[in-house]
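Here the structure comes first, spelled out in structure tokens, and everything after it is commentary.
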Amino acid sequence: MKDLALYFMDVAKGMDIEYADIRVAHYREQSIYLQDLSPKSIVDEESVGFGIRVLYEGAWGFASSTELSKEEIDRVLKRAYEIARASSIARGNFRVRLAEEPVHIAKFETPVEKDPFEVPLHDKIDLLYRVNDAMLKVKGVVKTHSSMELRKRHQFFASTEGSLIETVIYTTNAGYTAFASGNNDSQQRSFQDYPLNKGYEHIESLGLLENAERIANEAVMKLYADEPDEGIMDLVLDPSHLSLTIHESVGHPTELDRVLGYEANFAGRSFATPEKLGKFRYGSELVNFIADNTLSSGLATTGFDDEGVECQKWHIIKDGILVDYSSTREVAPLIGQKRSRGSARADSFSSFPINRIPNLSLMPSKDPMTPQELIAGVDKGIYIEGRGSFSIDQMRLNFQFGGDLFYEIKNGKKVRMLKNVIYQSTTPEFWNSLDGLSDERFWEPRGFLTCGKGEPIQSAQMTNGAPYARFRNIKVGRGRR
Amino acid sequence: MKWDFRKISDEVLKRSKGDHTVVKIMRLSDSNTRFAESRITQNMAKDELKLVVEVHKGKKVGQYSTTLNENVDFDSIAQRALEVAENSVEDPEYMPPVEKQDIEEHNLYFKETVEYSPVKKAEVLRDIFSDAEKSKVKVAGLFTTGYWEYYIANSLGLEAYHKRSFADLSITTMGEDSTGYATATDEDISKINAETVYREALDKCLKGKNPKDIEPGVYRVILEPEAFLGILRFLFFDLNARFADAGISYFSGKLGEKVFSDKVTMLRDPKDQRSPSLPFDTGSGFKLKKVYWIRNGVLENLEYDRYWAKKKGTEPTGRPYPVVFEDSDKSIQDLIKEVDRGILITRFWYIRHVDRKSLTLTGMTRDGTFYIENGEIKYPVKNMRFNESLATVLKGILDVGRGKKVPGYMGLSLYVPSVLVDGFNFASKSEAK
């Protein structure tokens, strides 16, 4: 693969173009999926290929192939060049100008204690089998799903500017769901995915089997839980739930390409426009969001992004004020920024890198604070764990979330389980209502493997860490109609 | 790249040491032109060839999948698939591969679609961008052309193949305080008129200027095809027979019952030119037949996989989509005339289940929402969030309009009409433009 990347650099440098880069990649993935005790899908997958991006007359062309040869590099480079020429017909007065980035000759590798592909496949399947078996033994559970995904990406990036970057990234993830039926209802409860860029040691640390019976019991308990009172009340949200709220209402609206209209046809735009930078009160003074693509084991911790920009750490919301965005080399200069924030990522060698959410996390309280203390400060409210329904408008303002497990809070205590809870708010209103955070002991690096964006849609991964947090006076309703 | 799928399959089958072996080959070759802010922003071409080998060893099954290139090592591929199977566990729901099937091939490949070049797309878009500037509107969208091939064969003699071209165009127009949206899709590029799609999106945007606030609540609505498909696709998941039999689906215990309005007839048919499905199941290769999921409001069939069909003494159905939803000759204007007070919805966004058992969904309106009074569009309205059960919508369909092909998944379009729905619940307002 390195030979092909070097060959590309030689050939592309001699062309009448402004810039070009290549990603030559080898992907390995094992995915295991069980329904009840039936192994429905056991797949070991490998793919290789490359994608070439060419900038000509301020317009992009991109082409890819799964055939690894110098002749194919020649053919695909020519095709990307021809496509860039076609793009230049319809670019109007706009010309892409890339933010400057130092040349990097580098290698980055995810630190791994236990190579996930060295662990016998049978052991992994057996673990999920025992998880499902344990859940099915709980009375009232009628169906179970469990899954495990293990990924390795080995990639060479090379550009006409002279960068040559090798990255080896491992990602591991597992989770499961119990479906219960009874009491004229059906409910589900999940041990939700907690992916990280780590080796198989991460899977072993999750406590998959140890939690199976509890998760199954909670699915059954939900059948008999009451629905909530509707009205305005306080919320205490756990990190596994809050990660999704963060992702949708802070991560996406602060992608600079979206802000500038690049995703208007599908993923939408953003209310967080550039004139608000440094002024707009996004949240209360307790709200600090730090993007950190150097975060240990973070899902977007890749050393360099897919256009060769080194991973960075920066504030996006500081003391409640919008101060920055995630960005790429193309969009950063459009708001006067000299350097990209290194957020261009593609889900495959055959996809064009786009502006993705970084590892973006809500910072914990600097003062000692436990989740119990946050709950103790609530007279009437709801405690929510895990992810459920989620929806937000195309400008990232009006949103509605559900959850996976709910408890009513009365006079500072969790008093009973609830079900079918939803809450609605708008992004600034919600984050300005935050009045309490737990400290770093309770901060968790939750994350996502399937963030969808772009056309054709691409899937990306990122960590959105959070502590427990308390929000005042939120509109709560019942989800079922 | 020139590849003979049968030859590849034979090379794998003769090397496999499994009790049974299934070979699947997929090719996707497409060209995607993305545009935003009235200029091309990304312009991409892809050519991918993927081989999946599924080996059965006793009741253990494993799959090995890889991209294909000239360095392909069939010995290694056959061995890797065998190792996955041997390391798996016995499947209590094991099904052997299907026997040879009598599958008809339908020609859905149009050379003109595949040869429609990035230059042609750029020229068409340049003219649209130029026109939009005169209306002070920005244009965004996606123009895709390409084709895919799918081949499946197994050690019991099954062989099936399908090849299909596709052309999809979606356009969003953006003004100061309004947006518009329109789509077109077909296997044959000559049936897509980009200018017409743009004019439709532009018209929505221009008519949407100065939207007014209206109070959330229950309204009679007209859902245009893109909006209707947005929510209808959630039905496909819940037609699963195993979920229904486990008591965790809306359809539990309802097979054969009248569940929706008489106006609801939804089928999947490989031969229906409005939205033809593949002629075979991509998972195992069995022949797909015409299936009415819902006819005149009656739930006629659920989706059965091979194991569950055998257990329940019925035939496997394959997936529910792509569907054809029976339509009428009525135009949108005809439907609008039937409404005293209601809302016309162009498109929904970010639709998710809120509660699966009741089929309750949430989502937002987008790109053209209009208030109707006394059979006429009166004024545009600001976007709103809905919380509504899809079952309530399908029970409340008073009338259906003319259908159209709407882009679906992986080059599969779906044929869906506009629908007039009696009551639809909006939960809150949004300032999103």
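Ordering of the structure tokens sets the chain letters (A, B, ...), residue numbers begin anew at 1 in every chain, and ligands are numbered from 1 in the order given.
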Quick one: which residues from chain A are at most 7 Å off chain B, using only C-alpha atoms, as a CSV table (one decimal) with N, CA and C atoms, in the first residue's frame?
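Wrote it out as iface-v1.csv, contents follow:
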```csv
chain,number,residue,atom,x,y,z
A,38,SER,N,-29.6,-18.1,18.3
A,38,SER,CA,-29.3,-18.4,16.9
A,38,SER,C,-28.2,-17.4,16.4
A,39,PRO,N,-27.1,-17.9,15.9
A,39,PRO,CA,-26.1,-17.0,15.4
A,39,PRO,C,-26.5,-16.5,14.0
A,42,ILE,N,-22.4,-14.2,11.2
A,42,ILE,CA,-21.0,-14.3,11.7
A,42,ILE,C,-20.2,-13.9,10.5
A,43,VAL,N,-19.6,-12.8,10.4
A,43,VAL,CA,-18.9,-12.3,9.2
A,43,VAL,C,-17.5,-11.8,9.5
A,44,ASP,N,-16.6,-12.3,8.8
A,44,ASP,CA,-15.2,-11.8,8.8
A,44,ASP,C,-15.0,-11.1,7.5
A,45,GLU,N,-14.6,-9.9,7.5
A,45,GLU,CA,-14.6,-9.1,6.3
A,45,GLU,C,-13.3,-8.4,6.1
A,46,GLU,N,-12.8,-8.4,4.9
A,46,GLU,CA,-11.6,-7.6,4.6
A,46,GLU,C,-11.8,-6.9,3.3
A,47,SER,N,-11.4,-5.6,3.2
A,47,SER,CA,-11.5,-4.9,2.0
A,47,SER,C,-10.3,-4.0,1.8
A,48,VAL,N,-9.9,-3.9,0.5
A,48,VAL,CA,-8.8,-3.0,0.2
A,48,VAL,C,-9.2,-2.1,-1.0
A,60,TRP,N,-13.4,20.2,-7.0
A,60,TRP,CA,-13.0,18.9,-6.6
A,60,TRP,C,-13.5,17.8,-7.6
A,61,GLY,N,-12.6,16.8,-7.7
A,61,GLY,CA,-13.0,15.5,-8.4
A,61,GLY,C,-12.5,14.4,-7.5
A,62,PHE,N,-13.3,13.3,-7.5
A,62,PHE,CA,-12.9,12.2,-6.6
A,62,PHE,C,-13.2,10.9,-7.3
A,63,ALA,N,-12.3,9.9,-7.3
A,63,ALA,CA,-12.6,8.6,-7.8
A,63,ALA,C,-11.9,7.5,-7.0
A,64,SER,N,-12.5,6.3,-7.0
A,64,SER,CA,-11.9,5.3,-6.2
A,64,SER,C,-12.0,3.9,-6.9
A,65,SER,N,-11.3,3.0,-6.4
A,65,SER,CA,-11.2,1.6,-7.0
A,65,SER,C,-10.8,0.6,-5.9
A,66,THR,N,-11.1,-0.6,-6.2
A,66,THR,CA,-10.7,-1.7,-5.3
A,66,THR,C,-9.6,-2.5,-5.9
A,67,GLU,N,-9.1,-2.1,-7.0
A,67,GLU,CA,-8.0,-2.8,-7.8
A,67,GLU,C,-6.7,-2.1,-7.4
A,83,ILE,N,-13.2,14.5,-13.6
A,83,ILE,CA,-14.4,14.9,-12.8
A,83,ILE,C,-14.2,16.3,-12.2
A,86,ALA,N,-14.9,18.7,-14.8
A,86,ALA,CA,-16.4,18.8,-14.9
A,86,ALA,C,-17.0,19.7,-13.8
A,87,SER,N,-16.5,19.5,-12.6
A,87,SER,CA,-17.0,20.4,-11.4
A,87,SER,C,-16.7,21.8,-11.7
A,89,ILE,N,-17.0,23.5,-14.2
A,89,ILE,CA,-18.0,24.1,-15.1
A,89,ILE,C,-19.1,24.8,-14.2
A,90,ALA,N,-19.3,24.2,-13.1
A,90,ALA,CA,-20.5,24.7,-12.3
A,90,ALA,C,-20.0,25.1,-10.9
A,91,ARG,N,-18.9,25.8,-10.8
A,91,ARG,CA,-18.5,26.3,-9.5
A,91,ARG,C,-18.7,27.8,-9.3
A,92,GLY,N,-19.3,28.4,-10.4
A,92,GLY,CA,-19.6,29.9,-10.3
A,92,GLY,C,-18.3,30.6,-10.0
A,121,LEU,N,-12.5,-16.6,17.5
A,121,LEU,CA,-13.9,-16.2,17.1
A,121,LEU,C,-14.9,-17.0,18.0
A,122,HIS,N,-14.6,-18.2,18.3
A,122,HIS,CA,-15.6,-19.0,19.0
A,122,HIS,C,-15.8,-18.4,20.4
A,125,ILE,N,-18.3,-15.5,20.1
A,125,ILE,CA,-19.7,-15.9,19.8
A,125,ILE,C,-20.2,-16.5,21.1
A,142,VAL,N,-39.1,-12.1,25.8
A,142,VAL,CA,-39.5,-13.0,24.6
A,142,VAL,C,-38.5,-13.0,23.5
A,181,SER,N,-42.5,-8.9,26.9
A,181,SER,CA,-43.9,-8.7,26.5
A,181,SER,C,-44.8,-9.2,27.7
A,186,SER,N,-45.4,-4.1,25.4
A,186,SER,CA,-44.1,-4.7,25.1
A,186,SER,C,-43.1,-3.6,25.3
A,261,GLY,N,-23.8,25.7,4.8
A,261,GLY,CA,-24.8,25.3,3.8
A,261,GLY,C,-24.5,24.1,3.0
A,262,TYR,N,-23.3,23.5,3.3
A,262,TYR,CA,-22.9,22.3,2.4
A,262,TYR,C,-23.8,21.1,2.5
A,264,ALA,N,-27.2,21.2,3.0
A,264,ALA,CA,-28.6,21.7,3.1
A,264,ALA,C,-29.6,20.8,2.5
A,265,ASN,N,-29.2,19.9,1.5
A,265,ASN,CA,-30.2,19.1,0.9
A,265,ASN,C,-30.6,17.9,1.7
A,350,SER,N,-13.5,4.8,-0.5
A,350,SER,CA,-14.3,5.1,-1.7
A,350,SER,C,-15.3,6.3,-1.4
A,389,SER,N,-35.6,7.2,21.7
A,389,SER,CA,-36.0,8.0,20.5
A,389,SER,C,-35.3,9.3,20.5
A,390,PHE,N,-34.9,9.8,19.3
A,390,PHE,CA,-34.2,11.1,19.2
A,390,PHE,C,-34.6,11.7,17.8
A,391,SER,N,-34.8,13.0,17.9
A,391,SER,CA,-35.2,13.8,16.7
A,391,SER,C,-34.9,15.2,16.9
A,392,ILE,N,-34.4,15.9,15.8
A,392,ILE,CA,-34.0,17.3,15.9
A,392,ILE,C,-34.2,18.0,14.6
A,393,ASP,N,-34.7,19.2,14.5
A,393,ASP,CA,-35.0,19.8,13.2
A,393,ASP,C,-33.7,20.1,12.4
A,394,GLN,N,-33.9,20.5,11.2
A,394,GLN,CA,-32.8,20.6,10.2
A,394,GLN,C,-31.9,21.8,10.5
A,395,MET,N,-32.3,22.7,11.4
A,395,MET,CA,-31.4,23.8,11.9
A,395,MET,C,-30.9,23.5,13.3
A,397,LEU,N,-32.5,23.1,16.2
A,397,LEU,CA,-33.1,23.9,17.3
A,397,LEU,C,-34.1,23.1,18.1
A,398,ASN,N,-35.3,22.8,17.5
A,398,ASN,CA,-36.3,22.0,18.2
A,398,ASN,C,-35.9,20.5,18.3
A,479,GLY,N,-44.7,9.4,25.4
A,479,GLY,CA,-44.3,9.1,24.0
A,479,GLY,C,-45.3,8.3,23.2
A,480,ARG,N,-46.2,7.6,23.9
A,480,ARG,CA,-47.1,6.7,23.2
A,480,ARG,C,-48.4,7.4,22.8
A,481,ARG,N,-48.8,7.2,21.5
A,481,ARG,CA,-50.1,7.8,21.1
A,481,ARG,C,-51.1,6.7,20.7
```
Å distance separating atom CA of Lys107 of chain A from atom CA of Phe304 of chain A, one decimal place: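 Computing the Euclidean distance for atom CA of Lys107 of chain A and atom CA of Phe304 of chain A yields 9.1 Å.
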Residues of segment 249-332 of chain A in helix (DSSP H, G or I), written as a ChimeraX atom specification: /A:249-251,256-259,274-276,332
Could you pull out the residues in segment 46-186 of chain A that DSSP calls strand (DSSP E) from the backbone, as a PDB file with C-alpha atoms, in the first residue's frame?
```
ATOM      1  CA  GLU A  46     -11.570  -7.607   4.586  1.00  0.00           C
ATOM      2  CA  SER A  47     -11.510  -4.907   1.969  1.00  0.00           C
ATOM      3  CA  VAL A  48      -8.798  -2.985   0.204  1.00  0.00           C
ATOM      4  CA  GLY A  49      -8.842  -0.060  -2.149  1.00  0.00           C
ATOM      5  CA  PHE A  50      -7.978   3.558  -2.655  1.00  0.00           C
ATOM      6  CA  GLY A  51      -9.624   6.907  -3.303  1.00  0.00           C
ATOM      7  CA  ILE A  52      -8.058   9.901  -5.012  1.00  0.00           C
ATOM      8  CA  ARG A  53      -9.111  13.522  -4.572  1.00  0.00           C
ATOM      9  CA  VAL A  54      -8.032  16.125  -7.137  1.00  0.00           C
ATOM     10  CA  LEU A  55      -8.422  19.899  -6.911  1.00  0.00           C
ATOM     11  CA  TYR A  56      -8.412  21.587 -10.314  1.00  0.00           C
ATOM     12  CA  ALA A  59     -13.106  22.457  -7.915  1.00  0.00           C
ATOM     13  CA  TRP A  60     -13.003  18.879  -6.620  1.00  0.00           C
ATOM     14  CA  GLY A  61     -13.002  15.541  -8.389  1.00  0.00           C
ATOM     15  CA  PHE A  62     -12.881  12.180  -6.625  1.00  0.00           C
ATOM     16  CA  ALA A  63     -12.633   8.590  -7.844  1.00  0.00           C
ATOM     17  CA  SER A  64     -11.940   5.258  -6.173  1.00  0.00           C
ATOM     18  CA  SER A  65     -11.205   1.646  -6.959  1.00  0.00           C
ATOM     19  CA  ILE A 105       5.673  12.242   7.619  1.00  0.00           C
ATOM     20  CA  ALA A 106       4.221  10.247  10.458  1.00  0.00           C
ATOM     21  CA  LYS A 107       2.680   7.079  11.825  1.00  0.00           C
ATOM     22  CA  PHE A 108      -0.089   6.781  14.400  1.00  0.00           C
ATOM     23  CA  GLU A 109      -1.362   3.535  15.899  1.00  0.00           C
ATOM     24  CA  VAL A 141     -38.356 -11.792  28.053  1.00  0.00           C
ATOM     25  CA  VAL A 142     -39.519 -12.963  24.625  1.00  0.00           C
ATOM     26  CA  LYS A 143     -36.669 -11.977  22.349  1.00  0.00           C
ATOM     27  CA  THR A 144     -33.003 -11.013  22.607  1.00  0.00           C
ATOM     28  CA  HIS A 145     -30.404  -9.511  20.297  1.00  0.00           C
ATOM     29  CA  SER A 146     -26.679  -9.202  20.909  1.00  0.00           C
ATOM     30  CA  SER A 147     -23.831  -8.036  18.739  1.00  0.00           C
ATOM     31  CA  MET A 148     -20.104  -7.403  18.638  1.00  0.00           C
ATOM     32  CA  GLU A 149     -18.085  -5.381  16.148  1.00  0.00           C
ATOM     33  CA  LEU A 150     -14.304  -5.414  15.907  1.00  0.00           C
ATOM     34  CA  ARG A 151     -12.573  -3.160  13.396  1.00  0.00           C
ATOM     35  CA  LYS A 152      -9.088  -2.419  12.189  1.00  0.00           C
ATOM     36  CA  ARG A 153      -8.243   0.238   9.605  1.00  0.00           C
ATOM     37  CA  HIS A 154      -4.746   0.394   8.151  1.00  0.00           C
ATOM     38  CA  GLN A 155      -4.358   3.424   5.909  1.00  0.00           C
ATOM     39  CA  PHE A 156      -1.714   5.371   4.037  1.00  0.00           C
ATOM     40  CA  PHE A 157      -2.496   8.991   3.260  1.00  0.00           C
ATOM     41  CA  ALA A 158      -0.300  10.850   0.772  1.00  0.00           C
ATOM     42  CA  SER A 159      -0.650  14.267  -0.798  1.00  0.00           C
ATOM     43  CA  LEU A 164       2.826  10.656   3.970  1.00  0.00           C
ATOM     44  CA  ILE A 165       0.896   9.366   6.971  1.00  0.00           C
ATOM     45  CA  GLU A 166       0.311   5.782   8.080  1.00  0.00           C
ATOM     46  CA  THR A 167      -2.464   5.091  10.569  1.00  0.00           C
ATOM     47  CA  VAL A 168      -3.571   1.877  12.231  1.00  0.00           C
ATOM     48  CA  ILE A 169      -6.859   2.266  14.098  1.00  0.00           C
ATOM     49  CA  TYR A 170      -8.658  -0.372  16.174  1.00  0.00           C
ATOM     50  CA  THR A 171     -12.260  -0.041  17.347  1.00  0.00           C
ATOM     51  CA  THR A 172     -14.206  -2.471  19.516  1.00  0.00           C
ATOM     52  CA  ASN A 173     -17.840  -2.545  20.545  1.00  0.00           C
ATOM     53  CA  ALA A 174     -20.517  -4.878  21.918  1.00  0.00           C
ATOM     54  CA  GLY A 175     -24.076  -4.539  23.192  1.00  0.00           C
ATOM     55  CA  TYR A 176     -27.412  -6.291  23.564  1.00  0.00           C
ATOM     56  CA  THR A 177     -31.174  -5.813  23.941  1.00  0.00           C
ATOM     57  CA  ALA A 178     -33.915  -7.694  25.759  1.00  0.00           C
ATOM     58  CA  PHE A 179     -37.502  -7.489  24.494  1.00  0.00           C
ATOM     59  CA  ALA A 180     -40.248  -8.176  27.024  1.00  0.00           C
ATOM     60  CA  SER A 181     -43.938  -8.749  26.519  1.00  0.00           C
ATOM     61  CA  GLY A 182     -46.758  -8.840  29.068  1.00  0.00           C
ATOM     62  CA  ASP A 185     -47.533  -4.081  26.562  1.00  0.00           C
ATOM     63  CA  SER A 186     -44.087  -4.678  25.102  1.00  0.00           C
TER      64      SER A 186
END
```
Atom pair atom CA of Ser284 of chain B / atom CA of Glu300 of chain B: separation (Å):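 Pair atom CA of Ser284 of chain B / atom CA of Glu300 of chain B returns 23.8 Å.
Remark: for Arg478 of chain A, the closest of the candidate residues A:Glu307, A:Glu429, A:Glu204, A:Asp226 is A:Asp226 (distances computed over only C-alpha atoms).
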One-decimal distance in Å that lies between atom CA of Glu213 of chain A and atom CA of Gly447 of chain A: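 Taking atom CA of Gly447 of chain A as the start and atom CA of Glu213 of chain A as the end point, the length is 24.0 Å.
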Contacts of segment 329-343 of chain A within 9 Å, only C-alpha atoms, excl. fewer than 3 positions in-chain, as a PyMOL selection string: chain A and resi 96-101+255-257+260+274+293+300+304-314+325-326+353-358
Write the selection just made, keeping N, CA and C atoms, as a CSV table (one decimal), in the first residue's frame?
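Wrote it out as part.csv, contents follow:
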```csv
chain,number,residue,atom,x,y,z
A,96,VAL,N,-12.3,26.6,-4.3
A,96,VAL,CA,-11.8,26.0,-3.1
A,96,VAL,C,-10.4,26.4,-2.9
A,97,ARG,N,-10.1,27.0,-1.7
A,97,ARG,CA,-8.7,27.2,-1.3
A,97,ARG,C,-8.5,26.6,0.1
A,98,LEU,N,-7.5,25.7,0.1
A,98,LEU,CA,-7.3,24.9,1.3
A,98,LEU,C,-6.5,25.6,2.4
A,99,ALA,N,-6.9,25.5,3.6
A,99,ALA,CA,-6.2,26.0,4.7
A,99,ALA,C,-4.8,25.4,4.8
A,100,GLU,N,-3.8,26.1,5.2
A,100,GLU,CA,-2.4,25.5,5.2
A,100,GLU,C,-2.3,24.5,6.3
A,101,GLU,N,-1.5,23.5,6.0
A,101,GLU,CA,-1.2,22.5,7.0
A,101,GLU,C,0.3,22.0,6.8
A,255,GLU,N,-20.7,21.8,13.2
A,255,GLU,CA,-19.9,21.4,12.1
A,255,GLU,C,-19.9,22.6,11.1
A,256,LEU,N,-18.8,23.1,10.8
A,256,LEU,CA,-18.7,24.3,10.0
A,256,LEU,C,-19.3,24.1,8.6
A,257,ASP,N,-19.1,23.0,8.0
A,257,ASP,CA,-19.6,22.8,6.6
A,257,ASP,C,-21.2,22.9,6.6
A,260,LEU,N,-22.2,26.4,6.9
A,260,LEU,CA,-22.1,27.2,5.7
A,260,LEU,C,-22.9,26.7,4.5
A,274,PRO,N,-21.8,32.0,11.9
A,274,PRO,CA,-20.5,32.6,12.3
A,274,PRO,C,-20.6,33.9,13.0
A,293,ASN,N,-9.6,15.5,19.7
A,293,ASN,CA,-9.2,14.3,18.9
A,293,ASN,C,-7.9,13.6,19.2
A,300,ALA,N,-12.6,9.2,17.6
A,300,ALA,CA,-12.1,10.1,16.5
A,300,ALA,C,-10.6,10.3,16.7
A,304,PHE,N,-4.3,11.7,12.7
A,304,PHE,CA,-4.5,12.7,11.6
A,304,PHE,C,-5.8,12.4,11.0
A,305,ASP,N,-6.4,13.5,10.5
A,305,ASP,CA,-7.7,13.2,9.8
A,305,ASP,C,-7.5,12.8,8.4
A,306,ASP,N,-8.5,12.7,7.6
A,306,ASP,CA,-8.4,12.1,6.3
A,306,ASP,C,-8.0,13.1,5.2
A,307,GLU,N,-7.6,14.2,5.6
A,307,GLU,CA,-6.9,15.1,4.7
A,307,GLU,C,-5.5,15.5,5.2
A,308,GLY,N,-5.0,14.7,6.2
A,308,GLY,CA,-3.6,14.9,6.6
A,308,GLY,C,-3.4,16.0,7.7
A,309,VAL,N,-4.5,16.4,8.3
A,309,VAL,CA,-4.4,17.4,9.4
A,309,VAL,C,-4.2,16.8,10.7
A,310,GLU,N,-3.3,17.2,11.5
A,310,GLU,CA,-3.0,16.6,12.8
A,310,GLU,C,-4.2,16.8,13.8
A,311,CYS,N,-4.5,15.8,14.5
A,311,CYS,CA,-5.6,15.9,15.5
A,311,CYS,C,-5.3,16.9,16.6
A,312,GLN,N,-6.3,17.6,17.0
A,312,GLN,CA,-6.1,18.7,17.9
A,312,GLN,C,-7.1,18.7,19.1
A,313,LYS,N,-6.9,19.6,20.1
A,313,LYS,CA,-7.9,19.8,21.2
A,313,LYS,C,-8.2,21.3,21.3
A,314,TRP,N,-9.5,21.6,21.3
A,314,TRP,CA,-9.9,23.0,21.4
A,314,TRP,C,-11.3,23.1,22.0
A,325,TYR,N,-15.7,26.0,15.9
A,325,TYR,CA,-16.4,24.9,15.2
A,325,TYR,C,-15.5,23.7,15.0
A,326,SER,N,-16.0,22.6,14.5
A,326,SER,CA,-15.2,21.6,13.9
A,326,SER,C,-15.1,22.0,12.4
A,353,PRO,N,-14.0,12.7,2.0
A,353,PRO,CA,-13.9,13.1,3.4
A,353,PRO,C,-14.8,14.3,3.6
A,354,ILE,N,-15.6,14.3,4.7
A,354,ILE,CA,-16.5,15.5,5.0
A,354,ILE,C,-16.3,15.9,6.4
A,355,ASN,N,-16.8,17.0,6.8
A,355,ASN,CA,-16.7,17.6,8.1
A,355,ASN,C,-17.5,16.7,9.1
A,356,ARG,N,-16.8,16.1,10.0
A,356,ARG,CA,-17.5,15.3,11.0
A,356,ARG,C,-17.3,15.8,12.4
A,357,ILE,N,-18.2,15.4,13.3
A,357,ILE,CA,-18.2,15.7,14.7
A,357,ILE,C,-16.9,15.1,15.3
A,358,PRO,N,-16.1,15.9,16.0
A,358,PRO,CA,-14.9,15.4,16.7
A,358,PRO,C,-15.3,14.6,18.0
```
Within 8 Å of segment 335-340 of chain B using only C-alpha atoms, minus same-chain residues under 4 positions, as an MDAnalysis selection string: chainID B and resid 220 222 330:331 372:377 399:401 420
Exercise: Phe424 of chain B partners within 8 Å, only C-alpha atoms, chain neighbours under 4 positions left out, as a list in words: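 The filter keeps Gly217, Val218, Tyr219, Arg220, Val221, Phe386, Glu388 and Val393 of chain B.
Each of A:Asp404, A:Glu440, A:Glu118, A:Asp347 was compared to Arg23 of chain A using only C-alpha atoms, and A:Asp347 turns out to be the nearest.
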Surrounding residues of segment 367-375 of chain A excluding itself and chain neighbours under 2 positions, 8 Å, only C-alpha atoms, as a ChimeraX atom specification: /A:236,365,377-378,383,409,412-414,436-439,442,468-470
Those same residues - C-alpha atoms - I'd like them written as a compact mmCIF listing (two decimals), in the first residue's frame.
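As a result, result.txt now contains:
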```txt
# COMPACT_ATOMS: atom_id res chain seq x y z
CA VAL A 236 -31.16 14.47 35.67
CA SER A 365 -17.74 19.94 37.44
CA GLY A 377 -31.63 18.99 44.39
CA VAL A 378 -34.80 18.04 42.46
CA TYR A 383 -33.91 10.63 35.95
CA ILE A 409 -37.74 11.92 41.23
CA GLY A 412 -34.77 14.64 46.04
CA LYS A 413 -35.19 10.87 45.67
CA LYS A 414 -35.74 8.33 42.88
CA GLY A 436 -25.52 21.07 37.87
CA LEU A 437 -22.79 18.67 36.75
CA SER A 438 -21.20 15.71 38.45
CA ASP A 439 -17.43 15.71 38.81
CA PHE A 442 -18.59 10.17 37.00
CA TYR A 468 -24.30 13.41 34.90
CA ALA A 469 -26.10 16.72 34.46
CA ARG A 470 -29.22 18.44 35.81
```
Long-range neighbours of Thr463 of chain A as JSON, numbers by chain, 12 Å cut-off, only C-alpha atoms, 3 positions minimum in chain: {"A": [171, 193, 194, 195, 196, 197, 239, 240, 242, 243, 244, 246, 247, 251, 290, 291, 292, 293, 294, 295, 296, 297, 298, 299, 300, 301, 356, 357, 358, 359, 360, 361, 362, 444, 445, 446, 447, 448, 449, 450, 451, 460, 466]}
